[in-house]
file model-v9.tsv (TSV, C-alpha atoms)
chain	number	residue	atom	x	y	z
A	216	MET	CA	-63.74	152.17	66.80
A	217	ARG	CA	-60.25	153.15	65.65
A	218	GLY	CA	-57.26	155.18	66.72
A	219	GLY	CA	-58.35	158.42	68.36
A	220	THR	CA	-61.83	157.18	69.18
A	221	PHE	CA	-60.42	154.14	70.93
A	222	ILE	CA	-58.00	156.29	72.93
A	223	ARG	CA	-60.76	158.70	73.98
A	224	GLU	CA	-63.01	155.85	75.12
A	225	LYS	CA	-60.23	154.05	76.98
A	226	LYS	CA	-59.32	157.24	78.85
A	227	LYS	CA	-62.84	157.14	80.30
A	228	GLN	CA	-62.07	153.75	81.83
A	229	LYS	CA	-60.58	154.16	85.29
A	230	LYS	CA	-59.21	150.61	85.37
A	231	MET	CA	-56.69	151.33	82.62
A	232	ASN	CA	-54.17	154.12	82.15
A	233	HIS	CA	-53.30	155.20	78.63
A	234	VAL	CA	-49.52	155.59	78.57
A	235	ASP	CA	-48.59	156.04	74.91
A	236	ALA	CA	-49.65	155.79	71.27
A	237	TYR	CA	-47.47	154.62	68.41
A	238	TYR	CA	-48.52	154.83	64.78
A	239	VAL	CA	-46.58	152.32	62.70
A	240	GLY	CA	-48.55	152.27	59.46
A	241	MET	CA	-49.06	148.73	58.21
A	242	SER	CA	-45.49	147.51	58.71
A	243	ARG	CA	-44.88	144.32	60.66
A	244	GLU	CA	-41.18	145.22	61.05
A	245	GLN	CA	-41.96	148.76	62.26
A	246	ALA	CA	-44.52	147.38	64.73
A	247	HIS	CA	-41.88	144.95	66.01
A	248	LYS	CA	-39.33	147.75	66.56
A	249	GLU	CA	-41.85	150.11	68.17
A	250	THR	CA	-43.20	147.40	70.46
A	251	LEU	CA	-39.69	146.67	71.75
A	252	ASP	CA	-39.37	150.41	72.40
A	253	ILE	CA	-42.72	150.48	74.22
A	254	LEU	CA	-41.68	147.53	76.40
A	255	CYS	CA	-38.44	149.31	77.34
A	256	ASN	CA	-40.21	152.60	78.11
A	257	HIS	CA	-43.11	151.01	80.01
A	258	PRO	CA	-41.83	147.88	81.81
A	259	LYS	CA	-45.08	147.42	83.77
A	260	LEU	CA	-47.23	147.51	80.64
A	261	ASP	CA	-49.95	144.85	80.60
A	262	PHE	CA	-52.15	145.71	77.60
A	263	ILE	CA	-51.50	146.57	73.93
A	264	PHE	CA	-54.20	147.47	71.39
A	265	ASN	CA	-53.56	147.22	67.66
A	266	ARG	CA	-55.68	147.31	64.52
A	267	SER	CA	-54.06	145.30	61.76
A	268	ILE	CA	-52.95	141.76	61.07
A	269	ASP	CA	-49.39	142.71	60.09
A	270	VAL	CA	-49.05	144.97	63.11
A	271	SER	CA	-50.39	142.15	65.31
A	272	PHE	CA	-47.66	139.82	64.02
A	273	GLY	CA	-45.01	142.47	64.73
A	274	VAL	CA	-46.34	143.02	68.25
A	275	SER	CA	-46.53	139.27	68.88
A	276	ASN	CA	-42.94	138.76	67.69
A	277	SER	CA	-41.74	141.45	70.08
A	278	LEU	CA	-43.64	140.00	73.02
A	279	LYS	CA	-42.17	136.58	72.35
A	280	LYS	CA	-38.66	138.02	71.98
A	281	SER	CA	-38.97	139.97	75.23
A	282	GLU	CA	-40.45	136.95	77.06
A	283	LYS	CA	-43.38	139.12	78.20
A	284	ILE	CA	-45.96	137.28	76.13
A	285	SER	CA	-47.72	135.89	79.22
A	286	GLN	CA	-47.64	139.27	81.04
A	287	ILE	CA	-49.25	141.39	78.32
A	288	LYS	CA	-52.66	141.09	76.73
A	289	SER	CA	-52.69	142.16	73.10
A	290	GLU	CA	-56.09	143.00	71.66
A	291	ASP	CA	-56.85	143.66	68.01
call {"tool": "encode", "arguments": {"input": "model-v9.tsv", "output": "structure tokens"}}
result
Amino acid sequence: MRGGTFIREKKKQKKMNHVDAYYVGMSREQAHKETLDILCNHPKLDFIFNRSIDVSFGVSNSLKKSEKISQIKSED
């Protein structure tokens, strides 16, 4: 399951609300920047889904930097 399919399936789940989608290619640095943006735009966010190792590292770096690492579950 990737991208659009994942989003469609998650929207069927009533326990989670889909709030945004960011497409960062395979760039760790771009994922880091976009994740910081996501955290600013959605301060109550508690779940992030990503599909690549480099993107995962970028997301993780942002969560650590924002001190929200314990608040947000990141699934890849």
call {"tool": "closest_residue", "arguments": {"input": "model-v9.tsv", "among": "A:Thr250, A:His233, A:Asn265, A:Ser271", "to": "Lys283 (chain A)", "atoms": "all atoms listed in the file"}}
result
A:Thr250
call {"tool": "atom_distance", "arguments": {"input": "model-v9.tsv", "atom1": "CA of Asn232 (chain A)", "atom2": "CA of Glu244 (chain A)"}}
result
26.3 Å
call {"tool": "residues_near_point", "arguments": {"input": "model-v9.tsv", "point": "(-43.8, 144.4, 83.8)", "cutoff": "9 Å", "atoms": "all atoms listed in the file", "output": "mmCIF file with C-alpha atoms, keeping the file's coordinate frame"}}
result
data_model
loop_
_atom_site.group_PDB
_atom_site.id
_atom_site.type_symbol
_atom_site.label_atom_id
_atom_site.label_comp_id
_atom_site.auth_asym_id
_atom_site.auth_seq_id
_atom_site.Cartn_x
_atom_site.Cartn_y
_atom_site.Cartn_z
ATOM 1 C CA LEU A 254 -41.680 147.530 76.400
ATOM 2 C CA HIS A 257 -43.110 151.010 80.010
ATOM 3 C CA PRO A 258 -41.830 147.880 81.810
ATOM 4 C CA LYS A 259 -45.080 147.420 83.770
ATOM 5 C CA LEU A 260 -47.230 147.510 80.640
ATOM 6 C CA ASP A 261 -49.950 144.850 80.600
ATOM 7 C CA LYS A 283 -43.380 139.120 78.200
ATOM 8 C CA GLN A 286 -47.640 139.270 81.040
ATOM 9 C CA ILE A 287 -49.250 141.390 78.320
#
call {"tool": "closest_residue", "arguments": {"input": "model-v9.tsv", "among": "A:Lys230, A:Glu224, A:Glu282, A:Tyr237", "to": "Ile263 (chain A)", "atoms": "all atoms listed in the file"}}
result
A:Tyr237
call {"tool": "atom_distance", "arguments": {"input": "model-v9.tsv", "atom1": "CA of Val274 (chain A)", "atom2": "CA of Lys248 (chain A)"}}
result
8.6 Å
call {"tool": "atom_distance", "arguments": {"input": "model-v9.tsv", "atom1": "CA of Phe272 (chain A)", "atom2": "CA of Lys229 (chain A)"}}
result
28.7 Å
call {"tool": "decode", "arguments": {"input": "model-v9.tsv", "residues": "chain A", "atoms": "C-alpha atoms", "output": "PDB file, in the first residue's frame"}}
result
ATOM      1  CA  MET A 216       0.000   0.000   0.000  1.00  0.00           C
ATOM      2  CA  ARG A 217       1.498   3.354  -0.983  1.00  0.00           C
ATOM      3  CA  GLY A 218       0.618   7.005  -1.235  1.00  0.00           C
ATOM      4  CA  GLY A 219      -2.920   7.458  -2.526  1.00  0.00           C
ATOM      5  CA  THR A 220      -4.023   3.963  -1.586  1.00  0.00           C
ATOM      6  CA  PHE A 221      -2.848   4.458   1.981  1.00  0.00           C
ATOM      7  CA  ILE A 222      -4.666   7.798   2.210  1.00  0.00           C
ATOM      8  CA  ARG A 223      -7.903   6.319   0.851  1.00  0.00           C
ATOM      9  CA  GLU A 224      -7.778   3.421   3.321  1.00  0.00           C
ATOM     10  CA  LYS A 225      -6.934   5.650   6.290  1.00  0.00           C
ATOM     11  CA  LYS A 226      -9.856   7.946   5.489  1.00  0.00           C
ATOM     12  CA  LYS A 227     -12.114   4.932   6.053  1.00  0.00           C
ATOM     13  CA  GLN A 228     -10.808   4.686   9.615  1.00  0.00           C
ATOM     14  CA  LYS A 229     -12.911   6.791  11.958  1.00  0.00           C
ATOM     15  CA  LYS A 230     -10.275   6.784  14.694  1.00  0.00           C
ATOM     16  CA  MET A 231      -7.864   8.886  12.638  1.00  0.00           C
ATOM     17  CA  ASN A 232      -8.319  12.113  10.719  1.00  0.00           C
ATOM     18  CA  HIS A 233      -6.212  12.697   7.632  1.00  0.00           C
ATOM     19  CA  VAL A 234      -5.006  16.295   7.861  1.00  0.00           C
ATOM     20  CA  ASP A 235      -2.389  16.673   5.134  1.00  0.00           C
ATOM     21  CA  ALA A 236      -0.096  14.995   2.611  1.00  0.00           C
ATOM     22  CA  TYR A 237       3.421  16.074   1.755  1.00  0.00           C
ATOM     23  CA  TYR A 238       5.426  14.565  -1.078  1.00  0.00           C
ATOM     24  CA  VAL A 239       9.142  15.077  -0.485  1.00  0.00           C
ATOM     25  CA  GLY A 240      10.698  12.702  -2.995  1.00  0.00           C
ATOM     26  CA  MET A 241      13.548  10.739  -1.453  1.00  0.00           C
ATOM     27  CA  SER A 242      15.276  13.666   0.263  1.00  0.00           C
ATOM     28  CA  ARG A 243      16.111  13.412   3.957  1.00  0.00           C
ATOM     29  CA  GLU A 244      16.658  17.191   4.129  1.00  0.00           C
ATOM     30  CA  GLN A 245      13.354  17.963   2.376  1.00  0.00           C
ATOM     31  CA  ALA A 246      11.527  15.547   4.696  1.00  0.00           C
ATOM     32  CA  HIS A 247      13.119  17.309   7.676  1.00  0.00           C
ATOM     33  CA  LYS A 248      11.958  20.746   6.461  1.00  0.00           C
ATOM     34  CA  GLU A 249       8.453  19.564   5.559  1.00  0.00           C
ATOM     35  CA  THR A 250       8.020  17.750   8.868  1.00  0.00           C
ATOM     36  CA  LEU A 251       8.881  20.918  10.789  1.00  0.00           C
ATOM     37  CA  ASP A 252       6.244  22.676   8.662  1.00  0.00           C
ATOM     38  CA  ILE A 253       3.695  19.942   9.403  1.00  0.00           C
ATOM     39  CA  LEU A 254       4.379  20.211  13.137  1.00  0.00           C
ATOM     40  CA  CYS A 255       3.829  23.989  13.014  1.00  0.00           C
ATOM     41  CA  ASN A 256       0.616  23.673  10.985  1.00  0.00           C
ATOM     42  CA  HIS A 257      -0.803  20.775  13.013  1.00  0.00           C
ATOM     43  CA  PRO A 258       0.346  21.126  16.647  1.00  0.00           C
ATOM     44  CA  LYS A 259      -1.948  18.319  17.872  1.00  0.00           C
ATOM     45  CA  LEU A 260      -0.627  15.839  15.305  1.00  0.00           C
ATOM     46  CA  ASP A 261       0.023  12.386  16.756  1.00  0.00           C
ATOM     47  CA  PHE A 262       0.768  10.163  13.736  1.00  0.00           C
ATOM     48  CA  ILE A 263       3.030  10.435  10.672  1.00  0.00           C
ATOM     49  CA  PHE A 264       3.245   7.847   7.884  1.00  0.00           C
ATOM     50  CA  ASN A 265       6.232   7.701   5.544  1.00  0.00           C
ATOM     51  CA  ARG A 266       7.572   5.248   2.986  1.00  0.00           C
ATOM     52  CA  SER A 267      11.326   5.532   2.706  1.00  0.00           C
ATOM     53  CA  ILE A 268      14.398   5.163   4.869  1.00  0.00           C
ATOM     54  CA  ASP A 269      15.825   8.598   4.036  1.00  0.00           C
ATOM     55  CA  VAL A 270      12.454  10.241   4.599  1.00  0.00           C
ATOM     56  CA  SER A 271      12.165   8.379   7.921  1.00  0.00           C
ATOM     57  CA  PHE A 272      15.500   9.820   9.053  1.00  0.00           C
ATOM     58  CA  GLY A 273      14.374  13.328   8.071  1.00  0.00           C
ATOM     59  CA  VAL A 274      11.086  12.911   9.945  1.00  0.00           C
ATOM     60  CA  SER A 275      12.877  11.495  12.992  1.00  0.00           C
ATOM     61  CA  ASN A 276      15.359  14.394  13.037  1.00  0.00           C
ATOM     62  CA  SER A 277      12.486  16.875  12.984  1.00  0.00           C
ATOM     63  CA  LEU A 278      10.630  15.122  15.781  1.00  0.00           C
ATOM     64  CA  LYS A 279      13.744  15.122  17.929  1.00  0.00           C
ATOM     65  CA  LYS A 280      14.423  18.794  17.171  1.00  0.00           C
ATOM     66  CA  SER A 281      10.847  19.773  18.026  1.00  0.00           C
ATOM     67  CA  GLU A 282      10.880  17.645  21.202  1.00  0.00           C
ATOM     68  CA  LYS A 283       7.659  15.935  20.054  1.00  0.00           C
ATOM     69  CA  ILE A 284       9.273  12.546  19.533  1.00  0.00           C
ATOM     70  CA  SER A 285       7.322  10.973  22.403  1.00  0.00           C
ATOM     71  CA  GLN A 286       4.015  12.567  21.312  1.00  0.00           C
ATOM     72  CA  ILE A 287       4.000  11.384  17.693  1.00  0.00           C
ATOM     73  CA  LYS A 288       4.020   7.877  16.305  1.00  0.00           C
ATOM     74  CA  SER A 289       5.878   7.613  13.013  1.00  0.00           C
ATOM     75  CA  GLU A 290       5.099   4.545  10.932  1.00  0.00           C
ATOM     76  CA  ASP A 291       6.952   3.461   7.811  1.00  0.00           C
TER      77      ASP A 291
END
